[in-house]
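Chemist: Got a structure for you, written out below as structure tokens; questions coming shortly.
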Amino acid sequence: MTVLDILAALNRDYITGFSLLGGDPFEPENQRTCSNLLSVIREGYPDIDIWCWTGYLYDVDLKQGGKCWTPWTEQMLSYIDTLVDGPFIEEEKDITLRFRGSRNQRIIELKKED
């Protein structure tokens with residue numbers, strides 16, 4: 001699937017969101033490509049809601065100096081509306097949770113409407 005295929009799939013009235021998930025988009029080797037993709041999506045569809053899932057912790061691993069921080073991390077985060085962070089932990093599994101699989105995972109609103 002190419003970027004043009006993704007953009008064509010998003011060009012439907014009933015599509016309101018885009019989800020970016022595993023592997024892991026925030027693996028350092030994935031960030032440049034994912035950031036470029038999100039940039040194109042945000043430019044073409046500024047009102048679409050972008051969610052991203054990562055096994056890394058937002059306030060630890062994705063901050064400057066964190067183990068997954070790269071020159072593209074901040075740019076990538078700037079395109080994301082909602083981040084679900086933290087690894088899935090089997091012992092914390094809870095099927096009643098919305099949008100996450102285990103209790104340790106967090107839903108972080110990176111962009112809130114005023």
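Residues in the structure tokens are named by chain (A, B, ... in the order shown) and by number from 1 within that chain; ligands are numbered from 1 in the order shown.
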Extract the full set of strand (DSSP E or B) residues from region 57-93 of chain A according to DSSP on the backbone, and format it as number ranges by chain.
Modeler: A: 82-85, 93
Chemist: Which polymer residues have any atom within 12 Å of an atom of Ala8 (chain A), counting only C-alpha atoms, with same-chain residues fewer than 6 positions away left out, as an NGL selection string?
Modeler: :A and (1-2 or 15 or 41 or 44-45)
Chemist: Grab the CA of Ile6 (chain A) to CA of Leu37 (chain A) distance for me, in Å with one decimal place.
Modeler: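 Value for the CA of Ile6 (chain A)-CA of Leu37 (chain A) distance: 9.2 Å.
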Chemist: If you count only C-alpha atoms, which residues fall within 8 Å of Glu109 (chain A), apart from same-chain ones fewer than 5 positions away, as a list in words?
Modeler: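 Listing them by chain and then by number gives Asp81, Thr82 and Leu83 of chain A.
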Chemist: Mind writing the picked residues with all heavy atoms as a PDB file, in the first residue's frame?
Modeler:
ATOM      1  N   ASP A  81      -3.521  13.398  17.503  1.00  0.00           N
ATOM      2  CA  ASP A  81      -4.520  13.941  18.422  1.00  0.00           C
ATOM      3  C   ASP A  81      -4.552  13.157  19.733  1.00  0.00           C
ATOM      4  O   ASP A  81      -4.621  13.741  20.815  1.00  0.00           O
ATOM      5  CB  ASP A  81      -5.909  13.898  17.776  1.00  0.00           C
ATOM      6  CG  ASP A  81      -5.987  14.773  16.547  1.00  0.00           C
ATOM      7  OD1 ASP A  81      -5.900  15.994  16.694  1.00  0.00           O
ATOM      8  OD2 ASP A  81      -6.108  14.221  15.428  1.00  0.00           O
ATOM      9  N   THR A  82      -4.523  11.839  19.626  1.00  0.00           N
ATOM     10  CA  THR A  82      -4.625  10.981  20.811  1.00  0.00           C
ATOM     11  C   THR A  82      -3.568   9.889  20.734  1.00  0.00           C
ATOM     12  O   THR A  82      -3.451   9.205  19.724  1.00  0.00           O
ATOM     13  CB  THR A  82      -6.030  10.338  20.901  1.00  0.00           C
ATOM     14  OG1 THR A  82      -7.014  11.380  20.876  1.00  0.00           O
ATOM     15  CG2 THR A  82      -6.177   9.537  22.174  1.00  0.00           C
ATOM     16  N   LEU A  83      -2.813   9.761  21.821  1.00  0.00           N
ATOM     17  CA  LEU A  83      -1.757   8.756  21.921  1.00  0.00           C
ATOM     18  C   LEU A  83      -2.151   7.741  22.995  1.00  0.00           C
ATOM     19  O   LEU A  83      -2.536   8.129  24.102  1.00  0.00           O
ATOM     20  CB  LEU A  83      -0.432   9.416  22.302  1.00  0.00           C
ATOM     21  CG  LEU A  83       0.784   8.508  22.422  1.00  0.00           C
ATOM     22  CD1 LEU A  83       1.231   8.034  21.046  1.00  0.00           C
ATOM     23  CD2 LEU A  83       1.932   9.230  23.125  1.00  0.00           C
TER      24      LEU A  83
END
Chemist: Nearest to Leu20 (chain A) among A:Val40, A:Ile48, A:Ile80, A:Leu57, with distances taken over only C-alpha atoms: which residue is it?
Modeler: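 Of A:Val40, A:Ile48, A:Ile80, A:Leu57, the one nearest Leu20 (chain A), counting only C-alpha atoms, is A:Ile80.
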Chemist: So that I can check the surroundings of region 64-73 of chain A, please list as a ChimeraX atom specification every protein, DNA and RNA residue that reaches within 7 Å of it, counting only C-alpha atoms and ignoring chain neighbours fewer than 2 positions away.
Modeler: /A:26-28,31-32,35,60-62,75-77
Chemist: Need the shell around Ile107 (chain A): protein/DNA/RNA residues with any atom at most 12 Å away, counting only C-alpha atoms. Skip same-chain ones fewer than 4 positions apart. Format as a short mmCIF file (atom, residue, chain, number, x, y, z; two decimals) with N, CA and C atoms, in the first residue's frame?
Modeler:
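Saved as around-v1.cif:
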data_model
loop_
_atom_site.label_atom_id
_atom_site.label_comp_id
_atom_site.auth_asym_id
_atom_site.auth_seq_id
_atom_site.Cartn_x
_atom_site.Cartn_y
_atom_site.Cartn_z
N TRP A 51 -5.08 8.92 15.74
CA TRP A 51 -4.73 8.19 16.96
C TRP A 51 -3.48 7.37 16.67
N CYS A 52 -2.65 7.20 17.70
CA CYS A 52 -1.45 6.38 17.57
C CYS A 52 -1.29 5.53 18.82
N TRP A 53 -0.92 4.26 18.63
CA TRP A 53 -0.64 3.35 19.73
C TRP A 53 0.86 3.06 19.75
N THR A 54 1.45 3.10 20.94
CA THR A 54 2.86 2.77 21.10
C THR A 54 3.06 2.03 22.41
N LEU A 57 6.52 4.84 26.58
CA LEU A 57 5.88 5.82 27.46
C LEU A 57 6.15 7.23 26.96
N TYR A 58 5.07 7.99 26.82
CA TYR A 58 5.13 9.36 26.30
C TYR A 58 6.08 10.23 27.11
N ASP A 81 -3.52 13.40 17.50
CA ASP A 81 -4.52 13.94 18.42
C ASP A 81 -4.55 13.16 19.73
N THR A 82 -4.52 11.84 19.63
CA THR A 82 -4.62 10.98 20.81
C THR A 82 -3.57 9.89 20.73
N LEU A 83 -2.81 9.76 21.82
CA LEU A 83 -1.76 8.76 21.92
C LEU A 83 -2.15 7.74 22.99
N VAL A 84 -2.08 6.46 22.65
CA VAL A 84 -2.26 5.40 23.64
C VAL A 84 -0.86 4.84 23.88
N ASP A 85 -0.36 4.99 25.11
CA ASP A 85 1.02 4.59 25.37
C ASP A 85 1.09 3.47 26.40
N GLY A 86 2.27 2.85 26.44
CA GLY A 86 2.55 1.79 27.39
C GLY A 86 2.44 0.42 26.76
N LEU A 97 -11.84 -2.35 29.08
CA LEU A 97 -11.24 -1.05 28.76
C LEU A 97 -11.52 -0.67 27.32
N ARG A 98 -11.73 0.61 27.08
CA ARG A 98 -11.91 1.09 25.71
C ARG A 98 -10.57 1.56 25.16
N PHE A 99 -10.26 1.15 23.95
CA PHE A 99 -9.11 1.60 23.18
C PHE A 99 -7.75 1.15 23.71
N ARG A 100 -7.72 0.30 24.71
CA ARG A 100 -6.46 -0.21 25.25
C ARG A 100 -6.70 -1.60 25.80
N GLY A 101 -5.64 -2.38 25.90
CA GLY A 101 -5.80 -3.77 26.30
C GLY A 101 -5.45 -4.08 27.73
N SER A 102 -4.62 -3.23 28.35
CA SER A 102 -4.24 -3.50 29.74
C SER A 102 -4.29 -2.21 30.56
N ARG A 103 -4.51 -2.37 31.86
CA ARG A 103 -4.75 -1.22 32.75
C ARG A 103 -3.57 -0.25 32.83
N LYS A 111 -3.99 16.81 21.60
CA LYS A 111 -4.63 18.00 21.08
C LYS A 111 -6.06 18.04 21.58
#
Chemist: When DSSP works through the backbone of this structure, what residues of region 42-91 of chain A end up as helix (DSSP H, G or I), shown as a ChimeraX atom specification?
Modeler: /A:42-44,73-79,90-91
Chemist: With N, CA, C and O atoms kept, could you save the residues just selected as a compact mmCIF listing (two decimals), in the first residue's frame?
Modeler:
# COMPACT_ATOMS: atom_id res chain seq x y z
N ARG A 42 -2.28 14.95 7.54
CA ARG A 42 -2.74 16.16 8.22
C ARG A 42 -2.95 17.29 7.21
O ARG A 42 -3.90 18.05 7.32
N GLU A 43 -2.06 17.39 6.22
CA GLU A 43 -2.20 18.44 5.20
C GLU A 43 -3.42 18.21 4.33
O GLU A 43 -4.17 19.14 4.04
N GLY A 44 -3.64 16.98 3.93
CA GLY A 44 -4.76 16.67 3.04
C GLY A 44 -6.10 16.58 3.75
O GLY A 44 -7.15 16.84 3.16
N THR A 73 10.65 12.86 16.37
CA THR A 73 9.67 12.55 17.41
C THR A 73 8.69 13.69 17.64
O THR A 73 7.46 13.48 17.64
N GLU A 74 9.18 14.90 17.86
CA GLU A 74 8.29 16.03 18.16
C GLU A 74 7.37 16.34 16.98
O GLU A 74 6.20 16.64 17.17
N GLN A 75 7.91 16.25 15.78
CA GLN A 75 7.08 16.50 14.59
C GLN A 75 5.98 15.45 14.52
O GLN A 75 4.81 15.77 14.29
N MET A 76 6.34 14.21 14.72
CA MET A 76 5.36 13.13 14.67
C MET A 76 4.27 13.34 15.72
O MET A 76 3.08 13.24 15.43
N LEU A 77 4.67 13.66 16.94
CA LEU A 77 3.69 13.90 18.01
C LEU A 77 2.78 15.08 17.69
O LEU A 77 1.61 15.09 18.07
N SER A 78 3.30 16.07 16.95
CA SER A 78 2.50 17.26 16.64
C SER A 78 1.32 16.95 15.73
O SER A 78 0.36 17.72 15.69
N TYR A 79 1.37 15.85 15.02
CA TYR A 79 0.28 15.47 14.12
C TYR A 79 -0.77 14.58 14.79
O TYR A 79 -1.84 14.36 14.25
N GLU A 90 0.10 -8.70 29.97
CA GLU A 90 -0.92 -9.75 30.11
C GLU A 90 -1.56 -9.74 31.50
O GLU A 90 -2.78 -9.87 31.63
N GLU A 91 -0.76 -9.55 32.55
CA GLU A 91 -1.29 -9.56 33.91
C GLU A 91 -2.22 -8.37 34.18
O GLU A 91 -3.00 -8.40 35.14
Chemist: Extract, using only C-alpha atoms, all DNA, RNA and protein residues at most 7 Å from Asp49 (chain A), discarding same-chain residues fewer than 3 positions from it, and format them as number ranges by chain.
Modeler: A: 16-18, 81
Chemist: Using only N, CA, C and O atoms, please write the residues we just selected to a file, as a short mmCIF file (atom, residue, chain, number, x, y, z; two decimals), in the first residue's frame.
Modeler:
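Result file follows (selection.cif):
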data_model
loop_
_atom_site.label_atom_id
_atom_site.label_comp_id
_atom_site.auth_asym_id
_atom_site.auth_seq_id
_atom_site.Cartn_x
_atom_site.Cartn_y
_atom_site.Cartn_z
N THR A 16 -13.55 9.39 9.52
CA THR A 16 -13.30 10.52 10.42
C THR A 16 -11.99 10.38 11.18
O THR A 16 -11.62 11.28 11.92
N GLY A 17 -11.31 9.26 11.01
CA GLY A 17 -10.09 9.06 11.77
C GLY A 17 -9.08 8.19 11.05
O GLY A 17 -9.38 7.50 10.08
N PHE A 18 -7.86 8.25 11.56
CA PHE A 18 -6.76 7.43 11.06
C PHE A 18 -6.03 6.89 12.28
O PHE A 18 -5.71 7.64 13.21
N ASP A 81 -3.52 13.40 17.50
CA ASP A 81 -4.52 13.94 18.42
C ASP A 81 -4.55 13.16 19.73
O ASP A 81 -4.62 13.74 20.81
#
Chemist: Nearest to Val3 (chain A) among A:Asp24, A:Ser19, A:Asp94, A:Thr33, with distances taken over only C-alpha atoms: which residue is it?
Modeler: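 Checking each candidate against Val3 (chain A), we get A:Thr33 as the closest.
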